[in-house]
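S.K.: Input file: upload_13.tsv. Contents: TSV, C-alpha atoms and all ligand atoms.
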```tsv
chain	number	residue	atom	x	y	z
A	12	MET	CA	2.10	32.48	-5.91
A	13	THR	CA	4.30	29.47	-5.08
A	14	SER	CA	3.00	25.98	-5.55
A	15	LYS	CA	3.11	25.54	-1.76
A	16	SER	CA	0.98	28.54	-0.91
A	17	LYS	CA	-1.43	27.76	-3.75
A	18	THR	CA	-1.90	24.22	-2.37
A	19	LEU	CA	-2.38	25.55	1.17
A	20	GLU	CA	-5.05	27.89	-0.10
A	21	PHE	CA	-6.91	25.02	-1.78
A	22	LEU	CA	-6.65	22.95	1.41
A	23	HIS	CA	-8.19	25.76	3.46
A	24	LEU	CA	-11.14	25.90	1.05
A	25	ARG	CA	-12.22	22.36	1.94
A	26	GLU	CA	-15.33	22.32	4.08
A	27	PRO	CA	-15.25	19.98	7.09
A	28	ARG	CA	-16.95	16.59	6.48
A	29	HIS	CA	-17.12	17.29	2.76
A	30	ALA	CA	-15.36	15.72	-0.21
A	31	LEU	CA	-12.22	17.39	-1.56
A	32	THR	CA	-12.43	20.12	-4.17
A	33	ARG	CA	-11.70	19.70	-7.89
A	34	GLU	CA	-8.32	21.43	-7.56
A	35	LEU	CA	-7.10	19.01	-4.90
A	36	TYR	CA	-7.60	16.17	-7.40
A	37	ARG	CA	-6.67	17.93	-10.62
A	38	ASP	CA	-4.22	20.77	-10.07
A	39	GLU	CA	-0.64	19.95	-11.12
A	40	ASP	CA	0.89	22.03	-8.31
A	41	VAL	CA	-1.19	20.13	-5.78
A	42	PHE	CA	0.01	16.85	-7.28
A	43	GLN	CA	3.64	18.03	-7.02
A	44	GLN	CA	3.01	18.93	-3.37
A	45	ASP	CA	1.34	15.53	-2.75
A	46	LEU	CA	4.59	13.99	-3.97
A	47	GLN	CA	6.91	16.33	-2.12
A	48	GLN	CA	5.08	16.44	1.20
A	49	ILE	CA	3.70	12.90	1.39
A	50	TRP	CA	5.07	10.40	-1.13
A	51	HIS	CA	8.65	11.64	-0.92
A	52	LYS	CA	8.57	11.88	2.89
A	53	GLU	CA	6.51	9.02	4.29
A	54	TRP	CA	7.16	5.28	4.57
A	55	ILE	CA	5.83	3.57	1.44
A	56	PHE	CA	4.94	-0.12	1.17
A	57	ALA	CA	6.99	-1.73	-1.60
A	58	GLY	CA	6.43	-5.50	-1.47
A	59	HIS	CA	7.13	-8.59	0.65
A	60	SER	CA	10.48	-9.96	1.77
A	61	PHE	CA	9.56	-13.47	0.59
A	62	GLU	CA	9.45	-12.11	-2.96
A	63	LEU	CA	13.21	-11.67	-2.62
A	64	ALA	CA	14.01	-15.14	-1.31
A	65	LYS	CA	17.59	-15.45	-2.60
A	66	SER	CA	20.51	-13.04	-2.66
A	67	GLY	CA	20.56	-11.01	-5.86
A	68	GLU	CA	16.79	-11.07	-6.26
A	69	TYR	CA	15.41	-7.58	-6.69
A	70	MET	CA	12.22	-5.62	-7.26
A	71	THR	CA	11.83	-2.09	-8.54
A	72	LEU	CA	9.18	0.56	-8.04
A	73	GLN	CA	8.63	4.22	-8.74
A	74	VAL	CA	7.81	6.41	-5.73
A	75	GLY	CA	6.76	9.72	-7.21
A	76	ASP	CA	9.91	11.07	-8.89
A	77	TYR	CA	12.18	8.40	-7.41
A	78	PRO	CA	12.98	5.08	-9.09
A	79	VAL	CA	14.00	2.60	-6.37
A	80	VAL	CA	15.50	-0.88	-6.44
A	81	ILE	CA	15.18	-3.26	-3.49
A	82	ILE	CA	17.53	-6.22	-3.36
A	83	ARG	CA	18.58	-9.05	-1.07
A	84	ASP	CA	22.32	-8.78	-0.53
A	85	ASP	CA	24.94	-11.54	-0.07
A	86	LYS	CA	24.43	-11.52	3.71
A	87	GLY	CA	20.67	-12.00	3.40
A	88	ASN	CA	19.77	-8.40	4.25
A	89	ILE	CA	17.16	-6.51	2.31
A	90	ARG	CA	18.50	-3.19	1.05
A	91	ALA	CA	17.04	-0.39	-1.01
A	92	PHE	CA	18.88	1.99	-3.34
A	93	HIS	CA	18.02	4.83	-5.64
A	94	ASN	CA	17.75	3.06	-8.96
A	95	ALA	CA	19.98	5.50	-10.83
A	96	CYS	CA	23.56	4.92	-11.90
A	97	ARG	CA	26.23	7.08	-10.25
A	98	HIS	CA	27.81	7.71	-13.67
A	99	ARG	CA	25.29	9.56	-15.81
A	100	GLY	CA	22.14	8.49	-14.11
A	101	SER	CA	20.65	5.68	-16.16
A	102	ARG	CA	18.24	3.41	-14.31
A	103	LEU	CA	20.17	0.29	-13.37
A	104	CYS	CA	17.26	-2.12	-13.33
A	105	SER	CA	14.35	-1.62	-15.68
A	106	LYS	CA	12.42	-4.83	-15.02
A	107	SER	CA	9.91	-4.90	-12.16
A	108	LYS	CA	11.57	-8.06	-10.79
A	109	GLY	CA	14.75	-9.97	-11.48
A	110	LYS	CA	17.89	-11.63	-10.17
A	111	SER	CA	21.46	-10.54	-10.65
A	112	ALA	CA	24.77	-11.31	-8.89
A	113	LYS	CA	25.76	-7.65	-9.38
A	114	LEU	CA	23.97	-4.54	-10.56
A	115	VAL	CA	25.40	-3.70	-13.97
A	116	CYS	CA	24.37	-0.45	-15.60
A	117	PRO	CA	23.14	-1.09	-19.14
A	118	TYR	CA	24.61	2.21	-20.39
A	119	HIS	CA	28.42	1.98	-19.83
A	120	LYS	CA	28.63	-1.09	-17.62
A	121	TRP	CA	29.48	0.49	-14.30
A	122	THR	CA	29.03	-2.41	-11.92
A	123	PHE	CA	27.78	-2.27	-8.33
A	124	GLY	CA	27.80	-4.94	-5.63
A	125	LEU	CA	24.60	-5.97	-3.87
A	126	ASP	CA	25.75	-3.74	-1.00
A	127	GLY	CA	25.78	-0.74	-3.38
A	128	LYS	CA	29.57	-0.50	-3.70
A	129	LEU	CA	30.93	0.54	-7.08
A	130	LEU	CA	33.12	-2.42	-8.12
A	131	PHE	CA	33.96	-1.60	-11.71
A	132	ALA	CA	34.00	1.51	-13.92
A	133	GLY	CA	35.99	1.22	-17.16
A	134	ASN	CA	38.16	3.96	-18.68
A	135	MET	CA	37.87	6.32	-15.72
A	136	GLY	CA	41.61	6.92	-15.29
A	137	ASP	CA	43.92	6.84	-12.28
A	138	ASN	CA	42.42	9.73	-10.37
A	139	PHE	CA	38.96	8.21	-10.22
A	140	ILE	CA	37.87	7.28	-6.71
A	141	ALA	CA	35.34	4.49	-6.99
A	142	SER	CA	34.17	4.75	-3.40
A	143	ASP	CA	32.86	8.26	-4.10
A	144	HIS	CA	30.32	6.78	-6.47
A	145	ASN	CA	28.54	4.02	-4.57
A	146	LEU	CA	24.79	3.66	-4.97
A	147	MET	CA	22.72	5.94	-2.81
A	148	PRO	CA	20.80	4.08	-0.13
A	149	VAL	CA	17.08	4.46	0.48
A	150	HIS	CA	15.69	3.92	4.00
A	151	CYS	CA	14.26	0.42	4.25
A	152	GLU	CA	12.45	-1.41	7.05
A	153	VAL	CA	10.84	-4.83	7.09
A	154	VAL	CA	7.97	-5.69	9.42
A	155	ASN	CA	6.49	-9.20	9.20
A	156	THR	CA	7.56	-9.43	5.53
A	157	TYR	CA	6.20	-5.97	4.66
A	158	ILE	CA	9.02	-3.97	3.08
A	159	TYR	CA	8.60	-0.25	3.61
A	160	ILE	CA	10.90	2.34	2.06
A	161	CYS	CA	11.33	6.08	2.50
A	162	VAL	CA	13.12	8.18	-0.13
A	163	ALA	CA	13.56	11.21	2.14
A	164	GLU	CA	17.02	12.00	3.49
A	165	GLU	CA	15.63	11.66	6.98
A	166	ALA	CA	12.90	9.10	7.50
A	167	PRO	CA	10.07	9.51	10.02
A	168	ASP	CA	9.94	7.14	12.99
A	169	PHE	CA	9.01	3.57	12.04
A	170	ASP	CA	9.16	1.89	15.45
A	171	ALA	CA	5.75	2.96	16.74
A	172	PHE	CA	4.06	1.50	13.66
A	173	ARG	CA	6.18	-1.67	13.87
A	174	LYS	CA	5.22	-2.15	17.52
A	175	ASP	CA	1.53	-1.66	16.80
A	176	VAL	CA	1.18	-3.69	13.60
A	177	SER	CA	3.50	-6.60	14.28
A	178	PRO	CA	1.40	-8.44	16.92
A	179	PHE	CA	-1.57	-8.37	14.52
A	180	ILE	CA	0.29	-9.87	11.54
A	181	GLU	CA	2.54	-12.24	13.49
A	182	PRO	CA	-0.01	-15.09	13.97
A	183	HIS	CA	-0.74	-15.08	10.22
A	184	ARG	CA	2.83	-16.27	9.59
A	185	LEU	CA	3.42	-14.34	6.42
A	186	GLU	CA	7.06	-15.41	6.43
A	187	ASP	CA	5.76	-18.83	5.31
A	188	CYS	CA	3.88	-17.33	2.35
A	189	LYS	CA	4.33	-17.00	-1.38
A	190	VAL	CA	2.59	-14.85	-3.97
A	191	ALA	CA	0.01	-17.08	-5.67
A	192	PHE	CA	-1.15	-14.32	-7.99
A	193	GLU	CA	-0.37	-10.68	-8.61
A	194	ALA	CA	-2.27	-8.08	-10.61
A	195	ASP	CA	-1.41	-4.52	-11.63
A	196	LEU	CA	-4.33	-2.21	-12.25
A	197	LEU	CA	-3.77	1.17	-13.84
A	198	GLU	CA	-6.60	3.37	-12.62
A	199	LYS	CA	-7.29	6.61	-14.45
A	200	GLY	CA	-7.92	8.69	-11.37
A	201	ASN	CA	-6.12	10.67	-8.68
A	202	TRP	CA	-4.55	8.50	-5.94
A	203	LYS	CA	-6.74	10.10	-3.25
A	204	LEU	CA	-9.90	8.87	-4.99
A	205	VAL	CA	-8.45	5.35	-4.88
A	206	PHE	CA	-7.95	5.48	-1.11
A	207	GLU	CA	-11.23	7.29	-0.47
A	208	ASN	CA	-13.07	4.54	-2.30
A	209	ASN	CA	-11.33	1.92	-0.21
A	210	ARG	CA	-12.30	3.60	3.05
A	211	GLU	CA	-16.04	3.23	2.69
A	212	CYS	CA	-18.45	0.48	1.83
A	213	TYR	CA	-21.41	2.78	1.18
A	214	HIS	CA	-20.83	1.79	-2.45
A	215	CYS	CA	-20.61	-1.96	-1.79
A	216	ASP	CA	-24.30	-2.87	-1.96
A	217	SER	CA	-24.74	-1.47	-5.42
A	218	ASN	CA	-21.34	-2.41	-6.85
A	219	HIS	CA	-19.76	-5.51	-5.29
A	220	PRO	CA	-22.11	-8.53	-5.62
A	221	GLU	CA	-19.18	-11.00	-5.49
A	222	LEU	CA	-17.59	-9.43	-2.40
A	223	LEU	CA	-20.92	-9.34	-0.58
A	224	ASN	CA	-21.07	-13.14	-0.54
A	225	SER	CA	-18.65	-12.90	2.36
A	226	PHE	CA	-18.07	-9.27	3.32
A	227	VAL	CA	-20.47	-7.47	5.60
A	228	GLU	CA	-20.05	-3.84	6.05
A	229	ASN	CA	-19.48	-3.00	9.65
A	230	LEU	CA	-20.02	0.72	9.93
A	231	SER	CA	-18.16	1.12	13.19
A	232	VAL	CA	-15.05	-0.40	11.61
A	233	ALA	CA	-14.85	2.24	8.92
A	234	GLY	CA	-14.35	5.08	11.34
A	235	VAL	CA	-12.86	4.80	14.77
A	236	GLY	CA	-14.05	2.81	17.76
A	237	GLY	CA	-16.41	-0.15	17.47
A	238	ASP	CA	-16.56	-0.88	21.20
A	239	ASP	CA	-20.29	-0.19	21.10
A	240	ASP	CA	-21.01	-2.96	18.58
A	241	PRO	CA	-21.77	-6.18	20.49
A	242	GLU	CA	-21.21	-8.46	17.46
A	243	LEU	CA	-17.82	-6.93	16.78
A	244	VAL	CA	-16.78	-7.05	20.44
A	245	ALA	CA	-17.81	-10.71	20.64
A	246	HIS	CA	-15.69	-11.43	17.55
A	247	TRP	CA	-12.70	-9.63	19.03
A	248	ASP	CA	-13.07	-11.55	22.31
A	249	LYS	CA	-13.30	-14.91	20.54
A	250	CYS	CA	-10.26	-14.27	18.33
A	251	GLU	CA	-8.16	-12.75	21.11
A	252	ALA	CA	-8.88	-15.75	23.33
A	253	ALA	CA	-7.38	-17.83	20.49
A	254	GLY	CA	-4.25	-15.68	20.38
A	255	LEU	CA	-5.15	-13.30	17.56
A	256	PRO	CA	-4.94	-9.60	18.45
A	257	SER	CA	-8.13	-8.11	17.05
A	258	ARG	CA	-9.33	-4.97	18.87
A	259	LEU	CA	-9.11	-1.84	16.78
A	260	VAL	CA	-5.86	0.09	17.08
A	261	MET	CA	-5.82	3.52	15.46
A	262	ASP	CA	-2.64	5.55	15.13
A	263	GLU	CA	-2.92	8.83	17.05
A	264	LYS	CA	-2.22	10.76	13.84
A	265	GLY	CA	-4.64	8.56	11.88
A	266	GLN	CA	-2.00	7.20	9.47
A	267	TYR	CA	-2.63	3.51	10.15
A	268	ARG	CA	-5.25	1.25	11.69
A	269	MET	CA	-5.67	-2.43	12.43
A	270	THR	CA	-8.92	-4.25	13.31
A	271	ARG	CA	-10.43	-7.69	12.81
A	272	ILE	CA	-13.99	-7.94	11.47
A	273	PRO	CA	-16.38	-10.88	11.24
A	274	LEU	CA	-17.47	-12.03	7.77
A	275	SER	CA	-21.09	-12.81	6.97
A	276	ALA	CA	-22.69	-15.84	8.61
A	277	LYS	CA	-21.20	-19.09	7.26
A	278	ALA	CA	-18.51	-17.32	5.22
A	279	VAL	CA	-14.88	-17.88	6.23
A	280	SER	CA	-13.13	-16.50	3.15
A	281	TYR	CA	-13.52	-14.07	0.24
A	282	THR	CA	-14.78	-16.64	-2.26
A	283	MET	CA	-18.03	-16.96	-4.17
A	284	SER	CA	-19.15	-19.77	-1.84
A	285	GLY	CA	-17.71	-18.23	1.32
A	286	GLN	CA	-15.72	-21.45	1.80
A	287	PRO	CA	-11.90	-21.45	1.97
A	288	ALA	CA	-10.04	-21.14	-1.32
A	289	VAL	CA	-6.86	-22.72	0.02
A	290	ASN	CA	-6.50	-26.06	1.71
A	291	HIS	CA	-3.72	-24.81	4.01
A	292	ARG	CA	-4.37	-22.32	6.77
A	293	LEU	CA	-2.02	-19.49	7.56
A	294	ASP	CA	-2.76	-19.04	11.28
A	295	LYS	CA	-2.66	-21.69	13.99
A	296	SER	CA	-5.47	-20.32	16.14
A	297	GLY	CA	-7.67	-23.37	15.66
A	298	VAL	CA	-10.66	-21.06	15.11
A	299	GLU	CA	-12.15	-21.44	11.68
A	300	ASP	CA	-14.12	-18.20	11.30
A	301	ILE	CA	-11.56	-15.60	12.28
A	302	GLY	CA	-13.07	-13.16	9.78
A	303	ALA	CA	-10.73	-10.64	8.19
A	304	LEU	CA	-7.92	-8.68	9.77
A	305	LEU	CA	-7.79	-5.30	8.06
A	306	TYR	CA	-4.84	-2.96	8.14
A	307	PHE	CA	-4.12	0.20	6.22
A	308	HIS	CA	-1.13	2.50	6.26
A	309	TYR	CA	-1.48	5.82	4.41
A	310	PRO	CA	-0.72	6.68	1.70
A	311	SER	CA	0.31	3.38	0.12
A	312	THR	CA	-1.40	0.24	1.38
A	313	TRP	CA	-4.46	-1.61	2.68
A	314	ASN	CA	-4.52	-5.32	3.54
A	315	HIS	CA	-6.85	-8.19	4.39
A	316	PHE	CA	-5.82	-11.37	6.25
A	317	LEU	CA	-8.15	-14.36	6.20
A	318	GLY	CA	-7.76	-17.85	7.62
A	319	ASP	CA	-6.65	-19.33	4.30
A	320	TYR	CA	-5.07	-16.44	2.41
A	321	ALA	CA	-4.07	-12.82	2.64
A	322	LEU	CA	-4.27	-9.87	0.27
A	323	SER	CA	-1.91	-6.93	0.08
A	324	PHE	CA	-2.68	-3.84	-1.96
A	325	ARG	CA	-0.12	-1.23	-2.96
A	326	VAL	CA	-1.05	2.20	-4.26
A	327	LEU	CA	1.44	4.31	-6.26
A	328	PRO	CA	0.65	7.64	-7.93
A	329	LEU	CA	1.88	7.87	-11.54
A	330	SER	CA	0.45	11.30	-12.33
A	331	SER	CA	-2.36	13.50	-11.03
A	332	GLY	CA	-4.80	11.38	-13.03
A	333	GLU	CA	-3.20	7.92	-12.94
A	334	THR	CA	-2.67	5.50	-10.07
A	335	LEU	CA	-1.14	2.04	-10.08
A	336	VAL	CA	-2.79	-0.47	-7.75
A	337	THR	CA	-0.91	-3.74	-7.27
A	338	THR	CA	-2.76	-6.60	-5.57
A	339	LYS	CA	-1.04	-9.76	-4.28
A	340	TRP	CA	-2.82	-12.93	-3.24
A	341	LEU	CA	-0.67	-14.61	-0.57
A	342	VAL	CA	-0.96	-18.30	0.31
A	343	HIS	CA	1.11	-20.74	2.36
A	344	LYS	CA	4.30	-21.60	0.47
A	345	ASP	CA	3.55	-25.33	0.66
A	346	ALA	CA	0.11	-24.94	-0.91
A	347	VAL	CA	0.23	-26.32	-4.43
A	348	GLU	CA	-1.73	-24.71	-7.24
A	349	GLY	CA	-4.24	-27.11	-8.78
A	350	VAL	CA	-4.03	-29.35	-5.70
A	351	ASP	CA	-4.54	-27.14	-2.63
A	352	TYR	CA	-6.06	-24.20	-4.43
A	353	ASP	CA	-7.45	-23.19	-7.75
A	354	LEU	CA	-6.43	-19.74	-9.03
A	355	GLU	CA	-9.85	-18.84	-10.37
A	356	THR	CA	-11.56	-19.63	-7.04
A	357	LEU	CA	-8.83	-17.81	-5.11
A	358	THR	CA	-8.81	-14.62	-7.18
A	359	LYS	CA	-12.35	-14.27	-8.54
A	360	VAL	CA	-13.84	-12.07	-5.79
A	361	TRP	CA	-11.04	-9.51	-5.65
A	362	VAL	CA	-10.31	-9.43	-9.37
A	363	ASP	CA	-13.97	-8.49	-9.85
A	364	THR	CA	-14.05	-6.15	-6.84
A	365	ASN	CA	-10.89	-4.35	-7.99
A	366	ASN	CA	-12.32	-3.85	-11.45
A	367	GLN	CA	-15.54	-2.48	-10.03
A	368	ASP	CA	-13.59	-0.14	-7.76
A	369	ARG	CA	-11.41	0.98	-10.68
A	370	GLU	CA	-14.49	1.94	-12.62
A	371	LEU	CA	-15.93	3.85	-9.64
A	372	VAL	CA	-12.66	5.75	-9.24
A	373	GLU	CA	-12.45	6.55	-12.95
A	374	GLU	CA	-16.05	7.74	-13.16
A	375	THR	CA	-15.54	9.89	-10.07
A	376	PHE	CA	-12.36	11.37	-11.52
A	377	ARG	CA	-14.28	12.31	-14.66
A	378	GLY	CA	-17.06	13.89	-12.58
A	379	VAL	CA	-14.86	15.88	-10.19
A	380	SER	CA	-12.92	17.16	-13.21
A	381	SER	CA	-15.93	19.20	-14.29
A	382	PRO	CA	-15.64	22.91	-13.44
A	383	SER	CA	-19.24	22.60	-12.26
A	384	TYR	CA	-18.40	20.05	-9.53
A	385	ILE	CA	-19.22	21.12	-5.97
A	386	PRO	CA	-17.97	18.76	-3.20
A	387	GLY	CA	-20.88	17.08	-1.43
A	388	PRO	CA	-21.28	16.11	2.25
A	389	PHE	CA	-20.13	12.80	3.76
A	390	SER	CA	-22.70	10.55	5.41
A	391	ASP	CA	-22.38	10.58	9.21
A	392	ILE	CA	-23.44	6.95	9.15
A	393	ALA	CA	-21.58	5.37	6.25
A	394	GLU	CA	-18.63	7.61	5.38
A	395	ASN	CA	-16.65	8.08	8.57
A	396	GLY	CA	-13.75	6.09	7.15
A	397	VAL	CA	-13.45	8.16	4.00
A	398	CYS	CA	-13.74	11.32	6.09
A	399	GLN	CA	-10.94	10.00	8.33
A	400	PHE	CA	-8.69	9.55	5.25
A	401	VAL	CA	-9.51	12.97	3.82
A	402	ASP	CA	-8.93	14.61	7.23
A	403	TRP	CA	-5.58	12.80	7.54
A	404	TYR	CA	-4.60	14.05	4.08
A	405	CYS	CA	-5.61	17.67	4.74
A	406	ASP	CA	-4.09	17.79	8.24
A	407	THR	CA	-0.83	16.19	7.07
A	408	MET	CA	-0.50	18.49	4.08
A	409	LYS	CA	-1.34	21.62	6.07
A	410	ALA	CA	1.17	20.73	8.77
A	411	LYS	CA	3.97	19.96	6.31
A	412	LEU	CA	3.30	22.92	4.06
A	413	SER	CA	3.44	25.27	7.04
A	414	GLU	CA	6.74	23.86	8.39
B	1	LIG	O1	-13.33	-0.76	-1.47
B	1	LIG	C1	-13.89	-1.77	-1.08
B	1	LIG	O2	-14.78	-2.21	-1.76
B	1	LIG	C2	-13.45	-2.47	0.19
B	1	LIG	C3	-14.22	-3.67	0.50
B	1	LIG	C4	-13.72	-4.02	1.83
B	1	LIG	C5	-13.23	-2.75	2.43
B	1	LIG	N1	-13.48	-1.73	1.43
B	1	LIG	C6	-14.67	-1.03	1.70
B	2	LIG	FE1	25.60	3.98	-15.88
B	2	LIG	FE2	27.08	5.28	-17.62
B	2	LIG	S1	25.13	5.82	-16.88
B	2	LIG	S2	27.47	3.40	-16.65
B	3	FE	FE	-15.16	-1.10	-3.39
```
Take the structure in the file and write it out as structure tokens.

M.R.:
Amino acid sequence: MTSKSKTLEFLHLREPRHALTRELYRDEDVFQQDLQQIWHKEWIFAGHSFELAKSGEYMTLQVGDYPVVIIRDDKGNIRAFHNACRHRGSRLCSKSKGKSAKLVCPYHKWTFGLDGKLLFAGNMGDNFIASDHNLMPVHCEVVNTYIYICVAEEAPDFDAFRKDVSPFIEPHRLEDCKVAFEADLLEKGNWKLVFENNRECYHCDSNHPELLNSFVENLSVAGVGGDDDPELVAHWDKCEAAGLPSRLVMDEKGQYRMTRIPLSAKAVSYTMSGQPAVNHRLDKSGVEDIGALLYFHYPSTWNHFLGDYALSFRVLPLSSGETLVTTKWLVHKDAVEGVDYDLETLTKVWVDTNNQDRELVEETFRGVSSPSYIPGPFSDIAENGVCQFVDWYCDTMKAKLSE
């Protein structure tokens, strides 16, 4: 049986409104299909344009089998390339971030311009045509500082997402931000468990004491809709009157969603006290308690925007049982550490929350790895979000595997 048909068979064995089966988390063919059908085809969040402020600044990441480098060129454009030399394939950049006037391969010094052109290749003789060996571009789009890349030859449409997400992020003025703190977490679990865990707060009461100082689970937010929740509708109305798009927007295919939720009474930020961590607001709405704007885009990112800071999360699968989660704490670029904010106060809640979530993911990965594991049912009340993610995954995979 091919790896495709084997994966399709596993997908058909999933019962509606139930967790995924052991094989869908553990099987190596399924993982290869996750890469080929999703990670190698979809738009993947890489990082923020303000991290590449000057020309020559670059960042690297690994999207499944593909090493990618993203760089700001001499004209100020952000470009992405396959991070593999056109000579014998060495990675050009091995650091996760850096700055370089040109991309010089460490192996035999082939040298590429920031536009990907091969500028120098020693000892290649007269018949060598340099322009046949430029770097291979990777699709790259930037929306309100969010750099998305797609390693497929043909990328899916990006415009619908751009049109939907941009009005939500715009008032938070991310282009005026900097990364105040960044943390990589290597989670020993399948990437789908990481996103499933993020899409429900059924686990919050018993696991996230720090987060619950400010975060209130709003059950209608997790799934779709929310129009029937008077508190949520009142929050949307208040924020929209102040110029902040807030009403839930869900992609028709379920790949992305934006919505703004209220925080608990008196809390205006994710801090232990509920008070702002940064003495410099991002938005100009004039409303103090705007709550949190949430946006996710499958399979690679979820995000929170508060009045005083924002958080971006990036998920990358390293193997069937290992996932890299990178969190960035974004503050206004003029906010000074030690004066306008204190790192411990800023990062405490989500450093703790991330660690707690990592442990939940790892324990679940251990449990679902048992041959005795039988997928249990989702709660109709508290697990509509996680069911929405799992349905998106199964529907997307089935559609692509049957193409
Ligand atoms: O995974 C979590 O704990 C987060 C908290 C906020 C949204 N999500 C449920
Ligand atoms: Fe890059 Fe040889 S592999 S110069
Ligand atoms: Fe959690």

S.K.: When the cut-off is 8 Å and you count only C-alpha atoms and all ligand atoms, which residues lie near ligand LIG 2 (chain B), shown as a ChimeraX atom specification?

M.R.: /A:95-103,115-122,132

S.K.: Excluding Asp195 in chain A and its own-chain neighbours fewer than 6 positions away, which residues fall within 7 Å of it when counting all atoms listed in the file? Please give them as an MDAnalysis selection string.

M.R.: chainID A and resid 335:338

S.K.: Could you give me, as a ChimeraX atom specification, every polymer residue with an atom at most 9 Å away from an atom of ligand FE 3 (chain B), counting all atoms listed in the file?

M.R.: /A:208-215,218-219,222,364-369,371

S.K.: Taking into account all atoms listed in the file, which residue in the set A:Leu293, A:Val260, A:Ala321, A:Val227 is nearest to ligand LIG 1 (chain B)?

M.R.: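 The answer is A:Val227, which sits nearest to ligand LIG 1 (chain B).
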
S.K.: Nearest to Asp319 in chain A among A:Asp294, A:Glu164, A:Asp353, A:Glu333, with distances taken over all atoms listed in the file: which residue is it?

M.R.: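 When distances to Asp319 in chain A are compared using all atoms listed in the file, the smallest one comes from A:Asp294.
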
S.K.: Just how far from CA of Cys161 in chain A is CA of Pro328 in chain A, in Å to one decimal?

M.R.: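 Spanning CA of Pro328 in chain A to CA of Cys161 in chain A is a straight-line distance of 15.0 Å.
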
S.K.: I'd like to know which of A:Tyr404, A:Val149, A:Leu274, A:Val289 is closest to ligand LIG 1 (chain B), using all atoms listed in the file.

M.R.: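 Looking only at the distances to ligand LIG 1 (chain B), the closest residue turns out to be A:Leu274.
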
S.K.: Need to verify the contact set: Leu322 in chain A, 8 Å, all atoms listed in the file, exclusion of same-chain residues closer than 6 positions in sequence. Can you return it as a PyMOL selection string?

M.R.: chain A and resi 314-316+338-341

S.K.: Closest to ligand LIG 1 (chain B) among A:Glu228, A:Asp168, A:Asp143, A:Asp300, using all atoms listed in the file?

M.R.: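 Checking each of A:Glu228, A:Asp168, A:Asp143, A:Asp300 against ligand LIG 1 (chain B), counting all atoms listed in the file, the winner is A:Glu228.
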
S.K.: What's the 9 Å shell around Lys359 in chain A, counting only C-alpha atoms, without same-chain residues fewer than 6 positions away, as a VMD selection string?

M.R.: chain A and resid 221 281 to 283

S.K.: To one decimal place, how far is CA of Ser66 in chain A from CA of Leu114 in chain A in Å?

M.R.: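 That distance, rounded to one decimal, is 12.1 Å.
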
S.K.: Taking all listed atoms of range 70-77 of chain A, build the axis-aligned box, pad each of the six sides by 5 Å, then write its centre and edge lengths in Å to one decimal as lines of an AutoDock Vina configuration file.

M.R.:
```
center_x = 9.5
center_y = 2.7
center_z = -7.3
size_x = 15.5
size_y = 26.7
size_z = 13.2
```

S.K.: Find, counting only C-alpha atoms and all ligand atoms, the residue in A:Trp361, A:Tyr267, A:Phe61, A:Phe56 that gets nearest to ligand LIG 1 (chain B).

M.R.: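 Closest to ligand LIG 1 (chain B) of all the choices is A:Trp361.
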
S.K.: Tell me which of A:Leu223, A:Met261, A:Val74, A:Met269 sits closest to Val326 in chain A, counting all atoms listed in the file.

M.R.: A:Val74

S.K.: Name the residues in contact with range 40-48 of chain A at a cut-off of 8 Å, using only C-alpha atoms, excluding same-chain residues fewer than 2 positions from it; report them as a list in words.

M.R.: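 Residues meeting the cut-off are Ser14, Lys15, Lys17, Thr18, Glu34, Leu35, Tyr36, Arg37, Asp38, Trp50, His51, Lys52, Gly75, Asp76, Ser330, Ser331, Met408, Lys411 and Leu412 of chain A.
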
S.K.: When you get a chance, write out N, CA, C and O atoms for range 313-318 of chain A, as a PDB file, in the frame of the given file.

M.R.:
```pdb
ATOM      1  N   TRP A 313      -3.448  -0.994   1.798  1.00  0.00           N
ATOM      2  CA  TRP A 313      -4.460  -1.610   2.680  1.00  0.00           C
ATOM      3  C   TRP A 313      -4.346  -3.120   2.491  1.00  0.00           C
ATOM      4  O   TRP A 313      -3.847  -3.594   1.461  1.00  0.00           O
ATOM      5  N   ASN A 314      -4.790  -3.877   3.512  1.00  0.00           N
ATOM      6  CA  ASN A 314      -4.520  -5.320   3.540  1.00  0.00           C
ATOM      7  C   ASN A 314      -5.653  -6.072   4.218  1.00  0.00           C
ATOM      8  O   ASN A 314      -6.288  -5.537   5.127  1.00  0.00           O
ATOM      9  N   HIS A 315      -5.854  -7.309   3.770  1.00  0.00           N
ATOM     10  CA  HIS A 315      -6.850  -8.190   4.390  1.00  0.00           C
ATOM     11  C   HIS A 315      -6.177  -9.538   4.686  1.00  0.00           C
ATOM     12  O   HIS A 315      -5.542 -10.099   3.789  1.00  0.00           O
ATOM     13  N   PHE A 316      -6.362 -10.053   5.904  1.00  0.00           N
ATOM     14  CA  PHE A 316      -5.820 -11.370   6.250  1.00  0.00           C
ATOM     15  C   PHE A 316      -6.983 -12.276   6.642  1.00  0.00           C
ATOM     16  O   PHE A 316      -7.709 -11.987   7.589  1.00  0.00           O
ATOM     17  N   LEU A 317      -7.103 -13.389   5.916  1.00  0.00           N
ATOM     18  CA  LEU A 317      -8.150 -14.360   6.200  1.00  0.00           C
ATOM     19  C   LEU A 317      -7.502 -15.608   6.795  1.00  0.00           C
ATOM     20  O   LEU A 317      -6.273 -15.676   6.896  1.00  0.00           O
ATOM     21  N   GLY A 318      -8.328 -16.603   7.113  1.00  0.00           N
ATOM     22  CA  GLY A 318      -7.760 -17.850   7.620  1.00  0.00           C
ATOM     23  C   GLY A 318      -6.909 -18.554   6.580  1.00  0.00           C
ATOM     24  O   GLY A 318      -5.866 -19.139   6.888  1.00  0.00           O
TER      25      GLY A 318
END
```
